[in-house]
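my_file-v6.cif follows (mmCIF, C-alpha atoms and all ligand atoms):
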```cif
data_my_file
#
loop_
_atom_site.label_atom_id
_atom_site.label_comp_id
_atom_site.auth_asym_id
_atom_site.auth_seq_id
_atom_site.Cartn_x
_atom_site.Cartn_y
_atom_site.Cartn_z
CA MET A 282 -6.77 4.14 49.48
CA VAL A 283 -5.85 4.00 45.79
CA LYS A 284 -2.35 2.62 45.24
CA ASN A 285 -0.01 4.15 42.72
CA PHE A 286 1.06 1.11 40.70
CA LEU A 287 4.04 2.94 39.29
CA ASN A 288 5.69 2.77 42.72
CA LEU A 289 5.04 -0.90 43.53
CA THR A 290 7.79 -3.45 44.08
CA GLN A 291 7.58 -6.78 42.24
CA GLU A 292 6.24 -8.43 45.36
CA GLU A 293 3.56 -5.80 45.82
CA CYS A 294 2.65 -6.16 42.17
CA GLN A 295 2.16 -9.89 42.64
CA ARG A 296 -0.03 -9.34 45.69
CA GLU A 297 -2.14 -6.77 43.88
CA TYR A 298 -2.42 -9.07 40.88
CA ASP A 299 -3.62 -12.00 42.98
CA LYS A 300 -6.27 -9.78 44.52
CA LEU A 301 -7.48 -8.32 41.24
CA ILE A 302 -7.56 -11.60 39.35
CA PHE A 303 -10.08 -12.78 41.91
CA ASP A 304 -12.31 -9.76 41.15
CA TYR A 305 -11.82 -10.44 37.45
CA GLU A 306 -13.01 -14.05 37.76
CA ASN A 307 -16.02 -12.67 39.60
CA PHE A 308 -16.78 -10.39 36.68
CA LYS A 309 -16.42 -13.30 34.30
CA SER A 310 -19.02 -15.27 36.20
CA LYS A 311 -21.57 -12.49 35.56
CA ASN A 312 -21.62 -13.58 31.88
CA LEU A 313 -21.73 -10.00 30.63
CA LYS A 314 -22.46 -9.39 26.97
CA LEU A 315 -21.85 -5.71 26.31
CA ASP A 316 -20.70 -3.93 23.21
CA MET A 317 -18.84 -0.65 23.61
CA SER A 318 -17.00 -0.92 20.34
CA ARG A 319 -18.78 1.56 18.04
CA GLY A 320 -20.10 5.05 18.50
CA LYS A 321 -23.77 4.32 18.05
CA PRO A 322 -26.69 6.30 19.47
CA GLU A 323 -28.77 4.37 21.98
CA THR A 324 -32.45 3.51 21.51
CA ARG A 325 -33.79 6.56 23.36
CA GLN A 326 -31.80 8.78 21.02
CA LEU A 327 -33.24 7.01 17.99
CA ASP A 328 -36.71 7.45 19.48
CA LEU A 329 -36.17 11.23 19.49
CA SER A 330 -36.54 11.20 15.70
CA LEU A 331 -39.30 8.65 15.42
CA LYS A 332 -41.90 11.32 14.65
CA MET A 333 -39.92 12.22 11.56
CA LEU A 334 -41.31 9.12 9.89
CA ASP A 335 -44.83 10.57 10.09
CA GLU A 336 -43.83 13.86 8.53
CA VAL A 337 -44.60 13.04 4.92
CA ASN A 338 -47.74 11.08 4.25
CA SER A 339 -49.99 13.14 2.04
CA ARG A 340 -49.60 14.16 -1.55
CA SER A 341 -49.10 17.84 -0.72
CA ASP A 342 -46.09 16.98 1.48
CA PHE A 343 -44.13 15.93 -1.56
CA LYS A 344 -44.24 19.25 -3.39
CA THR A 345 -41.22 21.53 -3.11
CA LEU A 346 -41.47 25.30 -3.09
CA GLY A 347 -40.63 25.10 -6.78
CA GLY A 348 -43.60 22.79 -7.32
CA ILE A 349 -41.52 19.70 -8.04
CA ASP A 350 -42.92 16.31 -7.03
CA LEU A 351 -40.29 14.79 -4.74
CA ARG A 352 -41.56 11.28 -5.32
CA ASN A 353 -40.08 11.42 -8.78
CA TYR A 354 -36.57 11.43 -10.26
CA GLY A 355 -34.49 14.61 -10.40
CA ILE A 356 -32.70 17.35 -8.45
CA CYS A 357 -29.50 15.43 -8.37
CA ASP A 358 -27.43 17.53 -6.00
CA GLY A 359 -30.11 18.12 -3.37
CA LEU A 360 -33.25 20.10 -2.65
CA PRO A 361 -32.62 23.86 -2.63
CA GLU A 362 -34.51 24.02 0.69
CA MET A 363 -32.15 21.42 2.16
CA LYS A 364 -29.13 23.42 1.01
CA LYS A 365 -30.62 26.53 2.63
CA PHE A 366 -31.16 24.62 5.85
CA ILE A 367 -27.63 23.23 6.09
CA SER A 368 -26.25 26.61 5.11
CA SER A 369 -28.15 28.32 7.94
CA VAL A 370 -26.76 25.78 10.41
CA THR A 371 -23.14 25.69 9.24
CA GLY A 372 -22.68 29.23 7.94
CA VAL A 373 -21.38 27.88 4.62
CA ASP A 374 -23.04 29.45 1.58
CA GLU A 375 -25.73 27.19 0.14
CA LYS A 376 -24.23 27.35 -3.33
CA TYR A 377 -21.26 25.26 -2.24
CA PHE A 378 -23.29 22.24 -1.11
CA ILE A 379 -24.10 18.91 -2.63
CA VAL A 380 -26.74 17.01 -0.65
CA GLY A 381 -26.04 13.30 -0.87
CA GLY A 382 -27.51 10.05 0.30
CA ASN A 383 -27.48 8.39 3.69
CA SER A 384 -23.76 8.48 4.45
CA SER A 385 -21.04 11.13 4.49
CA LEU A 386 -18.44 8.37 4.60
CA SER A 387 -19.62 7.18 1.20
CA MET A 388 -19.23 10.76 -0.11
CA MET A 389 -15.63 10.76 1.16
CA PHE A 390 -15.10 7.47 -0.62
CA ASP A 391 -16.66 8.94 -3.80
CA ALA A 392 -14.40 11.99 -3.70
CA ILE A 393 -11.27 9.89 -3.30
CA SER A 394 -12.32 7.56 -6.07
CA PHE A 395 -12.91 10.60 -8.29
CA PHE A 396 -9.36 11.87 -7.71
CA MET A 397 -8.03 8.35 -8.18
CA ILE A 398 -9.69 8.00 -11.56
CA HIS A 399 -9.61 11.56 -12.91
CA GLY A 400 -7.20 13.59 -10.83
CA SER A 401 -7.60 17.34 -10.45
CA ARG A 402 -5.98 20.65 -11.30
CA GLU A 403 -4.47 19.24 -14.51
CA GLN A 404 -2.46 16.65 -12.58
CA LYS A 405 -2.42 12.97 -13.49
CA PRO A 406 -5.11 10.82 -11.85
CA TRP A 407 -3.82 9.59 -8.51
CA CYS A 408 -3.93 5.98 -9.74
CA LYS A 409 -1.48 6.90 -12.52
CA GLN A 410 0.96 8.60 -10.20
CA GLU A 411 3.77 6.50 -8.83
CA LYS A 412 2.91 6.78 -5.16
CA ILE A 413 0.08 8.45 -3.27
CA LYS A 414 0.31 9.26 0.42
CA PHE A 415 -2.20 10.61 2.91
CA LEU A 416 -1.55 12.21 6.25
CA CYS A 417 -3.50 10.57 9.03
CA PRO A 418 -3.71 12.42 12.33
CA ALA A 419 -3.83 9.70 14.97
CA PRO A 420 -5.53 8.61 17.11
CA GLY A 421 -8.14 8.93 14.37
CA TYR A 422 -11.18 7.34 12.74
CA ASP A 423 -10.52 3.79 11.58
CA ARG A 424 -12.84 3.98 8.58
CA HIS A 425 -10.81 6.85 7.10
CA PHE A 426 -7.79 4.59 7.31
CA SER A 427 -9.70 1.70 5.75
CA ILE A 428 -10.55 3.87 2.73
CA CYS A 429 -6.83 4.59 2.27
CA GLU A 430 -6.00 0.90 2.52
CA TYR A 431 -8.75 0.06 0.04
CA PHE A 432 -7.25 2.41 -2.56
CA GLY A 433 -3.65 1.46 -1.82
CA ILE A 434 -2.84 4.92 -0.44
CA GLU A 435 0.16 4.93 1.86
CA MET A 436 -0.65 6.41 5.25
CA ILE A 437 1.63 8.64 7.30
CA THR A 438 0.75 9.07 10.94
CA VAL A 439 0.58 12.65 12.23
CA LYS A 440 0.74 13.35 15.94
CA MET A 441 -2.30 15.02 17.49
CA ASN A 442 -1.70 17.98 19.77
CA LYS A 443 -4.29 19.45 22.13
CA ASP A 444 -5.49 21.89 19.47
CA GLY A 445 -5.30 19.69 16.37
CA PRO A 446 -2.70 17.89 14.24
CA ASP A 447 1.00 18.72 14.57
CA MET A 448 1.05 21.54 12.01
CA ASP A 449 4.85 21.91 11.94
CA PHE A 450 5.00 18.38 10.59
CA VAL A 451 2.04 18.89 8.21
CA GLU A 452 3.54 22.09 6.77
CA ASP A 453 6.95 20.54 6.36
CA ILE A 454 5.93 17.30 4.69
CA THR A 455 3.35 18.87 2.37
CA LYS A 456 5.88 21.48 1.27
CA ASN A 457 8.55 18.92 0.42
CA ASP A 458 6.81 15.74 -0.71
CA SER A 459 4.69 15.93 -3.87
CA SER A 460 3.34 12.42 -3.28
CA VAL A 461 1.44 13.64 -0.20
CA LYS A 462 -2.00 14.24 -1.67
CA GLY A 463 -4.31 14.59 1.25
CA ILE A 464 -5.07 14.63 4.93
CA TRP A 465 -7.99 13.37 7.03
CA CYS A 466 -9.34 15.83 9.57
CA VAL A 467 -12.18 15.56 12.07
CA PRO A 468 -11.93 19.18 13.17
CA LYS A 469 -14.62 19.38 15.83
CA TYR A 470 -14.83 16.88 18.68
CA SER A 471 -12.44 14.61 16.82
CA ASN A 472 -12.95 10.87 16.80
CA PRO A 473 -11.75 9.63 19.27
CA GLN A 474 -10.11 12.41 21.32
CA GLY A 475 -12.84 15.05 21.17
CA ILE A 476 -10.30 17.68 20.14
CA VAL A 477 -11.48 20.92 18.52
CA TYR A 478 -9.01 22.44 16.06
CA SER A 479 -7.94 25.92 17.17
CA ASP A 480 -8.32 28.97 15.01
CA GLU A 481 -4.54 28.98 14.54
CA VAL A 482 -4.51 25.37 13.35
CA VAL A 483 -7.33 26.00 10.85
CA LYS A 484 -5.52 29.10 9.56
CA ARG A 485 -2.29 27.14 9.16
CA PHE A 486 -4.20 24.51 7.20
CA ALA A 487 -5.65 27.17 4.95
CA ASN A 488 -2.22 28.65 4.40
CA LEU A 489 -0.46 25.40 3.44
CA LYS A 490 1.81 25.53 0.41
CA PRO A 491 1.77 21.91 -0.72
CA LYS A 492 4.22 20.74 -3.35
CA ALA A 493 1.37 18.63 -4.79
CA LYS A 494 -0.94 20.95 -6.73
CA ASP A 495 -3.66 18.32 -6.25
CA PHE A 496 -3.42 18.20 -2.43
CA LYS A 497 -6.82 17.89 -0.68
CA ILE A 498 -8.02 18.36 2.86
CA PHE A 499 -10.81 15.95 3.80
CA TRP A 500 -12.57 17.97 6.51
CA ASP A 501 -14.97 15.48 8.07
CA ASN A 502 -17.15 17.61 10.35
CA ALA A 503 -19.17 14.63 11.58
CA TYR A 504 -19.68 16.06 15.09
CA PHE A 505 -20.46 19.67 14.16
CA MET A 506 -23.63 19.77 16.30
CA HIS A 507 -22.69 17.27 18.95
CA ASP A 508 -21.92 19.33 22.03
CA LEU A 509 -21.95 17.79 25.49
CA SER A 510 -22.40 21.14 27.18
CA SER A 511 -24.77 23.98 26.40
CA GLU A 512 -21.90 26.01 24.98
CA THR A 513 -20.65 25.00 21.60
CA GLU A 514 -17.01 25.24 20.62
CA THR A 515 -16.37 27.47 17.65
CA LEU A 516 -14.55 26.21 14.60
CA THR A 517 -13.08 28.54 12.00
CA ASP A 518 -14.54 28.13 8.51
CA ILE A 519 -11.93 26.25 6.47
CA LEU A 520 -13.59 26.99 3.11
CA GLU A 521 -13.53 30.74 3.75
CA GLU A 522 -9.96 30.71 5.09
CA CYS A 523 -8.70 28.68 2.13
CA LYS A 524 -10.41 31.08 -0.25
CA LYS A 525 -8.61 34.02 1.42
CA ASN A 526 -5.31 32.21 0.88
CA ARG A 527 -6.06 31.28 -2.74
CA ASN A 528 -6.30 27.65 -1.70
CA GLU A 529 -9.97 27.13 -2.48
CA GLU A 530 -9.25 23.85 -4.30
CA MET A 531 -7.87 22.19 -1.16
CA PRO A 532 -10.76 21.56 1.24
CA ILE A 533 -13.79 19.32 0.91
CA VAL A 534 -16.07 19.50 3.91
CA PHE A 535 -18.48 16.77 5.00
CA TYR A 536 -21.45 16.77 7.36
CA SER A 537 -24.25 14.34 8.10
CA THR A 538 -27.33 13.86 10.22
CA SER A 539 -26.37 10.29 11.11
CA LYS A 540 -26.12 11.13 14.80
CA ILE A 541 -28.87 13.72 14.69
CA THR A 542 -31.64 11.50 13.34
CA PHE A 543 -30.90 7.94 12.21
CA PRO A 544 -27.44 6.52 11.43
CA GLY A 545 -27.67 4.87 8.05
CA ALA A 546 -30.93 6.66 7.26
CA GLY A 547 -29.87 10.28 7.64
CA VAL A 548 -28.78 12.86 5.09
CA ALA A 549 -25.16 13.52 4.13
CA PHE A 550 -23.67 16.75 2.78
CA LEU A 551 -20.51 17.81 1.06
CA ALA A 552 -19.31 21.40 0.54
CA CYS A 553 -16.45 22.61 -1.61
CA ARG A 554 -15.65 25.25 -4.20
CA GLY A 555 -14.29 25.77 -7.70
CA GLU A 556 -13.19 22.80 -9.75
CA ASN A 557 -13.91 20.35 -6.93
CA LEU A 558 -17.55 21.40 -6.81
CA GLU A 559 -17.92 21.29 -10.57
CA ASN A 560 -16.29 17.86 -10.84
CA LEU A 561 -18.09 16.22 -7.95
CA ARG A 562 -21.45 17.64 -9.02
CA LYS A 563 -20.90 16.22 -12.49
CA MET A 564 -19.85 12.87 -11.05
CA TYR A 565 -23.04 12.65 -8.97
CA SER A 566 -25.18 13.65 -11.96
CA ILE A 567 -23.82 10.57 -13.71
CA LYS A 568 -23.79 8.30 -10.70
CA THR A 569 -27.44 8.86 -9.76
CA VAL A 570 -30.67 10.31 -11.12
CA GLY A 571 -31.17 11.78 -7.66
CA PHE A 572 -30.64 10.84 -4.03
CA ASP A 573 -33.55 10.11 -1.69
CA LYS A 574 -35.49 13.38 -1.73
CA ILE A 575 -38.30 11.95 0.35
CA ASN A 576 -35.77 11.52 3.14
CA GLN A 577 -34.54 15.06 2.60
CA ILE A 578 -38.02 16.58 2.89
CA ARG A 579 -38.76 14.39 5.90
CA HIS A 580 -35.64 15.74 7.60
CA LEU A 581 -36.53 19.30 6.65
CA LYS A 582 -40.05 19.08 8.00
CA PHE A 583 -38.82 17.48 11.19
CA LEU A 584 -35.69 19.53 11.91
CA LYS A 585 -37.30 22.73 10.58
CA ASN A 586 -34.66 25.35 11.34
CA LYS A 587 -31.51 26.07 13.26
CA SER A 588 -33.12 26.77 16.62
CA ASN A 589 -35.30 23.68 16.41
CA LEU A 590 -32.22 21.64 15.55
CA TYR A 591 -30.46 23.02 18.65
CA ASN A 592 -33.43 21.95 20.77
CA HIS A 593 -33.30 18.51 19.23
CA MET A 594 -29.57 18.22 19.95
CA GLN A 595 -30.21 19.31 23.52
CA LYS A 596 -32.41 16.22 23.91
CA HIS A 597 -29.54 14.05 22.67
CA ARG A 598 -27.28 15.82 25.12
CA GLU A 599 -29.58 15.09 28.05
CA ILE A 600 -29.23 11.38 27.28
CA LEU A 601 -25.51 11.41 26.55
CA LYS A 602 -24.12 13.76 29.17
CA PRO A 603 -24.77 11.53 32.22
CA LYS A 604 -23.02 8.66 30.44
CA PHE A 605 -19.89 10.67 29.74
CA GLU A 606 -19.97 12.03 33.30
CA LEU A 607 -20.23 8.53 34.71
CA VAL A 608 -17.27 7.23 32.71
CA LEU A 609 -15.13 10.24 33.63
CA LYS A 610 -16.09 9.93 37.29
CA LEU A 611 -15.11 6.26 37.39
CA LEU A 612 -11.81 6.88 35.59
CA GLU A 613 -11.06 9.74 37.94
CA SER A 614 -11.76 7.69 41.05
CA GLU A 615 -9.65 4.75 39.85
CA PHE A 616 -6.73 6.47 38.18
CA LYS A 617 -6.34 10.01 39.47
CA ASP A 618 -3.84 8.79 42.07
CA ASN A 619 -2.74 5.76 40.07
CA PRO A 620 -1.51 7.30 36.83
CA ILE A 621 -1.32 4.15 34.71
CA LEU A 622 -4.13 5.51 32.54
CA LYS A 623 -4.62 8.93 30.94
CA TRP A 624 -7.80 10.14 29.33
CA ASN A 625 -9.42 13.16 27.74
CA SER A 626 -12.56 14.96 28.93
CA PRO A 627 -14.33 15.84 25.69
CA LYS A 628 -16.77 18.71 25.35
CA GLY A 629 -18.58 16.96 22.55
CA GLY A 630 -18.56 14.04 20.13
CA TYR A 631 -19.07 10.37 20.82
CA PHE A 632 -15.90 9.09 22.44
CA ILE A 633 -13.49 9.14 25.32
CA SER A 634 -9.96 8.36 24.27
CA VAL A 635 -7.72 6.73 26.85
CA ASP A 636 -4.03 5.88 26.90
CA THR A 637 -2.71 2.99 28.94
CA CYS A 638 0.96 2.61 29.79
CA SER A 639 3.08 1.52 26.86
CA GLY A 640 2.34 -2.02 25.68
CA CYS A 641 -0.88 -2.50 27.69
CA ALA A 642 -3.76 -1.53 25.37
CA LYS A 643 -4.14 -4.83 23.48
CA GLU A 644 -4.05 -6.88 26.66
CA THR A 645 -6.59 -4.57 28.34
CA VAL A 646 -9.00 -4.96 25.42
CA ARG A 647 -8.43 -8.72 25.33
CA LEU A 648 -9.15 -9.10 29.04
CA CYS A 649 -12.34 -7.04 28.70
CA SER A 650 -13.48 -9.14 25.79
CA GLU A 651 -12.82 -12.39 27.67
CA ALA A 652 -15.09 -11.09 30.44
CA GLY A 653 -17.86 -10.13 28.03
CA VAL A 654 -17.24 -6.46 27.21
CA ILE A 655 -16.28 -5.71 23.63
CA LEU A 656 -14.24 -2.53 23.13
CA THR A 657 -12.95 -1.02 19.90
CA LYS A 658 -9.99 -3.12 18.80
CA ALA A 659 -6.73 -1.76 20.21
CA GLY A 660 -4.68 -0.26 17.41
CA SER A 661 -7.66 0.60 15.26
CA THR A 662 -7.27 4.33 15.96
CA PHE A 663 -3.96 4.23 14.06
CA PRO A 664 -3.16 3.64 10.37
CA TYR A 665 -2.87 -0.05 9.48
CA GLY A 666 -4.29 -0.87 12.93
CA LYS A 667 -0.82 -0.42 14.41
CA ASP A 668 -0.52 1.75 17.48
CA PRO A 669 3.27 2.17 17.76
CA TYR A 670 3.26 2.12 21.58
CA ASP A 671 0.13 -0.01 22.08
CA THR A 672 -1.48 2.56 24.36
CA ASN A 673 -4.64 4.01 22.82
CA ILE A 674 -8.16 2.69 23.39
CA ARG A 675 -11.36 4.32 22.18
CA LEU A 676 -14.21 4.12 24.67
CA ALA A 677 -17.66 4.54 23.16
CA PRO A 678 -20.07 5.26 26.03
CA THR A 679 -23.16 6.17 23.99
CA TYR A 680 -24.82 2.83 23.19
CA PRO A 681 -25.13 0.86 26.47
CA ASN A 682 -27.65 1.89 29.10
CA ILE A 683 -26.19 3.63 32.12
CA LYS A 684 -26.24 0.55 34.36
CA ASP A 685 -24.43 -1.60 31.81
CA LEU A 686 -22.05 1.25 31.09
CA GLY A 687 -21.10 1.49 34.76
CA LEU A 688 -20.39 -2.25 34.88
CA ALA A 689 -18.44 -2.16 31.63
CA VAL A 690 -16.25 0.73 32.76
CA LYS A 691 -15.59 -0.90 36.15
CA LEU A 692 -14.44 -3.98 34.28
CA PHE A 693 -12.36 -1.81 31.97
CA CYS A 694 -10.63 -0.20 34.97
CA LEU A 695 -9.91 -3.61 36.44
CA CYS A 696 -8.53 -4.92 33.14
CA THR A 697 -6.34 -1.82 32.75
CA LYS A 698 -4.79 -2.58 36.12
CA LEU A 699 -4.42 -6.29 35.41
CA ALA A 700 -2.78 -5.62 32.04
CA PHE A 701 -0.32 -3.25 33.69
CA LEU A 702 0.54 -5.73 36.45
CA LYS A 703 0.84 -8.62 33.98
CA LYS A 704 3.34 -6.60 32.00
CA LYS A 705 5.33 -5.71 35.10
CA LEU A 706 5.32 -9.33 36.26
CA GLY A 707 6.30 -10.61 32.83
CA LEU A 708 3.07 -12.59 32.48
CA CYS A 709 2.12 -11.33 29.00
CA ASN A 710 2.72 -13.50 25.94
N1 LIG A 801 -16.95 10.46 10.19
C1 LIG A 801 -16.67 10.24 11.48
C2 LIG A 801 -15.53 10.96 12.11
C3 LIG A 801 -17.42 9.33 12.23
O1 LIG A 801 -17.09 9.12 13.51
C4 LIG A 801 -18.48 8.65 11.62
C5 LIG A 801 -19.28 7.67 12.35
O2 LIG A 801 -18.98 7.23 13.41
C6 LIG A 801 -18.75 8.93 10.27
C7 LIG A 801 -17.98 9.84 9.59
C8 LIG A 801 -19.86 8.23 9.54
O3 LIG A 801 -20.73 9.17 9.04
P1 LIG A 801 -21.94 8.75 8.12
O4 LIG A 801 -22.89 7.96 8.91
O5 LIG A 801 -22.49 10.06 7.66
O6 LIG A 801 -21.38 7.97 6.97
#
```
Entire entry expressed as structure tokens:
Amino acid sequence: MVKNFLNLTQEECQREYDKLIFDYENFKSKNLKLDMSRGKPETRQLDLSLKMLDEVNSRSDFKTLGGIDLRNYGICDGLPEMKKFISSVTGVDEKYFIVGGNSSLSMMFDAISFFMIHGSREQKPWCKQEKIKFLCPAPGYDRHFSICEYFGIEMITVKMNKDGPDMDFVEDITKNDSSVKGIWCVPKYSNPQGIVYSDEVVKRFANLKPKAKDFKIFWDNAYFMHDLSSETETLTDILEECKKNRNEEMPIVFYSTSKITFPGAGVAFLACRGENLENLRKMYSIKTVGFDKINQIRHLKFLKNKSNLYNHMQKHREILKPKFELVLKLLESEFKDNPILKWNSPKGGYFISVDTCSGCAKETVRLCSEAGVILTKAGSTFPYGKDPYDTNIRLAPTYPNIKDLGLAVKLFCLCTKLAFLKKKLGLCN
């Protein structure tokens, strides 16, 4: 029978600890070497797109509908056909897109560096303003936070609710503090919690009345196609809603095919309106003579159209779903009646976010690492790597094979218990 550790006496804790440390030493002797730290597709997922590399190999493949030779310079903001494709998938009008290179993260970086250097809406460049702050819903994506740190942008943590960021807080702070210039959002299957922003949350975003005229919403829709069930969650169109509320200069939306085809060799997209679109288009026309159009046409020929893309994503799902189910099943069996760990059950995305009891996350991750399983660093889901209560851990079940994943999660469960008992027994440093 599963014991509820919250009800144990000190003596019972010690007994449990002595038992579990024995199992832990056993795990250690297996010399595991598993990496569950990043949300990477596994080999079989990468193989799904292998045929894409054969798609363009004769001279006629490189001609666009407009008769342009794609092997040459030009068409800086993306093939018109590629814009049509992404428009048909996302519902965003093709005229608002810029098709970029291999990484949406680098487009986010580019946009921030543009506002840093040039500013927008007749405001001073951000680097010339006294202080710049960004709102960071957390747990969130560590690389967003790293971009802020890189540019010296102060980060303010925003609590995540079940349907998106705490909008009372967002409305209040943006209304009153002109140094708050932006917010990071992963609106669908958020990294790491898998949360989908509700219609109400999106509408409240679109209706913000920020004191800073140059306030921007970085809407990173990285997991827009990444459902774990056959039914997709709907997300309200932020660009359209902002337009209705005369806030069209606020949002910049990002997508990529990194986890559709090949991470690092996919195609990234950005969509925005008005001055943002004009400015970023101009910036890219100076930054490059054209992104990799051969990769764009390869993707187009391979992904073809919306329904083909859905079929392709279904194949990803068939690989990923059993892994998520396994992790959730193990967590359920270990912690349903021993509530020292809480977790989410995402309907899409790449992660399962868990919360240990206060002050146990770092020790759990350390114990796992000492026994050969690397997890995402505790704290990294919060700005500055500092989780105020040391509770959140991001589990990334996608990369290991299912056998390794099972072992890794069993070890994780054991380490969660050990970390809790160590804390109760005063054995932590
Ligand atoms: N945004 C989020 C929320 C992510 O989780 C990731 C990758 O894990 C990225 C962006 C990276 O996207 P890209 O490969 O297009 O740079």
Separation of CA of Asn312 in chain A from CA of Lys623 in chain A, in Å and rounded to one decimal: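 So the two atoms, CA of Asn312 in chain A and CA of Lys623 in chain A, lie 28.2 Å apart.
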Non-local contacts of Glu336 in chain A (12 Å; all atoms listed in the file; under 6 positions in same chain excluded) as a PyMOL selection string: chain A and resi 330+342-343+575-585
Write the residues you've just listed into a file as an mmCIF file, keeping the file's coordinate frame, and include C-alpha atoms for each of them.
```cif
data_model
loop_
_atom_site.group_PDB
_atom_site.id
_atom_site.type_symbol
_atom_site.label_atom_id
_atom_site.label_comp_id
_atom_site.auth_asym_id
_atom_site.auth_seq_id
_atom_site.Cartn_x
_atom_site.Cartn_y
_atom_site.Cartn_z
ATOM 1 C CA SER A 330 -36.540 11.200 15.700
ATOM 2 C CA ASP A 342 -46.090 16.980 1.480
ATOM 3 C CA PHE A 343 -44.130 15.930 -1.560
ATOM 4 C CA ILE A 575 -38.300 11.950 0.350
ATOM 5 C CA ASN A 576 -35.770 11.520 3.140
ATOM 6 C CA GLN A 577 -34.540 15.060 2.600
ATOM 7 C CA ILE A 578 -38.020 16.580 2.890
ATOM 8 C CA ARG A 579 -38.760 14.390 5.900
ATOM 9 C CA HIS A 580 -35.640 15.740 7.600
ATOM 10 C CA LEU A 581 -36.530 19.300 6.650
ATOM 11 C CA LYS A 582 -40.050 19.080 8.000
ATOM 12 C CA PHE A 583 -38.820 17.480 11.190
ATOM 13 C CA LEU A 584 -35.690 19.530 11.910
ATOM 14 C CA LYS A 585 -37.300 22.730 10.580
#
```
Neighbour list for Met317 in chain A as a PyMOL selection string, cut-off 9 Å, all atoms listed in the file, skip fewer than 2 positions in-chain: chain A and resi 315+319-321+654-657+676-681+686+689
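Nearest residue to Cys408 in chain A among A:Phe395, A:Phe496, A:Phe550, A:Phe303 is A:Phe395, counting all atoms listed in the file.
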Which residue of A:Lys628, A:Lys344, A:Lys456, A:Lys414 approaches Thr515 in chain A most closely, using all atoms listed in the file: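 For Thr515 in chain A, the nearest of the given residues is A:Lys628.
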Where atoms are missing, can you supply N, CA and C atoms for range 681-695 of chain A and output the lot as a PDB file, in the frame of the given file?
```pdb
ATOM      1  N   PRO A 681     -24.564   1.635  25.347  1.00  0.00           N
ATOM      2  CA  PRO A 681     -25.130   0.860  26.470  1.00  0.00           C
ATOM      3  C   PRO A 681     -25.998   1.731  27.386  1.00  0.00           C
ATOM      4  N   ASN A 682     -26.918   1.099  28.101  1.00  0.00           N
ATOM      5  CA  ASN A 682     -27.650   1.890  29.100  1.00  0.00           C
ATOM      6  C   ASN A 682     -26.714   2.174  30.267  1.00  0.00           C
ATOM      7  N   ILE A 683     -27.133   3.101  31.135  1.00  0.00           N
ATOM      8  CA  ILE A 683     -26.190   3.630  32.120  1.00  0.00           C
ATOM      9  C   ILE A 683     -25.728   2.562  33.122  1.00  0.00           C
ATOM     10  N   LYS A 684     -26.608   1.607  33.406  1.00  0.00           N
ATOM     11  CA  LYS A 684     -26.240   0.550  34.360  1.00  0.00           C
ATOM     12  C   LYS A 684     -25.160  -0.346  33.743  1.00  0.00           C
ATOM     13  N   ASP A 685     -25.410  -0.763  32.505  1.00  0.00           N
ATOM     14  CA  ASP A 685     -24.430  -1.600  31.810  1.00  0.00           C
ATOM     15  C   ASP A 685     -23.111  -0.851  31.626  1.00  0.00           C
ATOM     16  N   LEU A 686     -23.256   0.442  31.312  1.00  0.00           N
ATOM     17  CA  LEU A 686     -22.050   1.250  31.090  1.00  0.00           C
ATOM     18  C   LEU A 686     -21.181   1.277  32.350  1.00  0.00           C
ATOM     19  N   GLY A 687     -21.836   1.466  33.494  1.00  0.00           N
ATOM     20  CA  GLY A 687     -21.100   1.490  34.760  1.00  0.00           C
ATOM     21  C   GLY A 687     -20.344   0.185  34.967  1.00  0.00           C
ATOM     22  N   LEU A 688     -21.026  -0.935  34.722  1.00  0.00           N
ATOM     23  CA  LEU A 688     -20.390  -2.250  34.880  1.00  0.00           C
ATOM     24  C   LEU A 688     -19.213  -2.396  33.922  1.00  0.00           C
ATOM     25  N   ALA A 689     -19.471  -2.005  32.666  1.00  0.00           N
ATOM     26  CA  ALA A 689     -18.440  -2.160  31.630  1.00  0.00           C
ATOM     27  C   ALA A 689     -17.204  -1.332  31.983  1.00  0.00           C
ATOM     28  N   VAL A 690     -17.409  -0.119  32.473  1.00  0.00           N
ATOM     29  CA  VAL A 690     -16.250   0.730  32.760  1.00  0.00           C
ATOM     30  C   VAL A 690     -15.513   0.225  34.006  1.00  0.00           C
ATOM     31  N   LYS A 691     -16.269  -0.308  34.977  1.00  0.00           N
ATOM     32  CA  LYS A 691     -15.590  -0.900  36.150  1.00  0.00           C
ATOM     33  C   LYS A 691     -14.693  -2.054  35.692  1.00  0.00           C
ATOM     34  N   LEU A 692     -15.249  -2.877  34.814  1.00  0.00           N
ATOM     35  CA  LEU A 692     -14.440  -3.980  34.280  1.00  0.00           C
ATOM     36  C   LEU A 692     -13.229  -3.435  33.527  1.00  0.00           C
ATOM     37  N   PHE A 693     -13.469  -2.390  32.731  1.00  0.00           N
ATOM     38  CA  PHE A 693     -12.360  -1.810  31.970  1.00  0.00           C
ATOM     39  C   PHE A 693     -11.240  -1.339  32.917  1.00  0.00           C
ATOM     40  N   CYS A 694     -11.628  -0.690  34.012  1.00  0.00           N
ATOM     41  CA  CYS A 694     -10.630  -0.200  34.970  1.00  0.00           C
ATOM     42  C   CYS A 694      -9.829  -1.376  35.548  1.00  0.00           C
ATOM     43  N   LEU A 695     -10.558  -2.419  35.888  1.00  0.00           N
ATOM     44  CA  LEU A 695      -9.910  -3.610  36.440  1.00  0.00           C
ATOM     45  C   LEU A 695      -8.931  -4.209  35.423  1.00  0.00           C
TER      46      LEU A 695
END
```
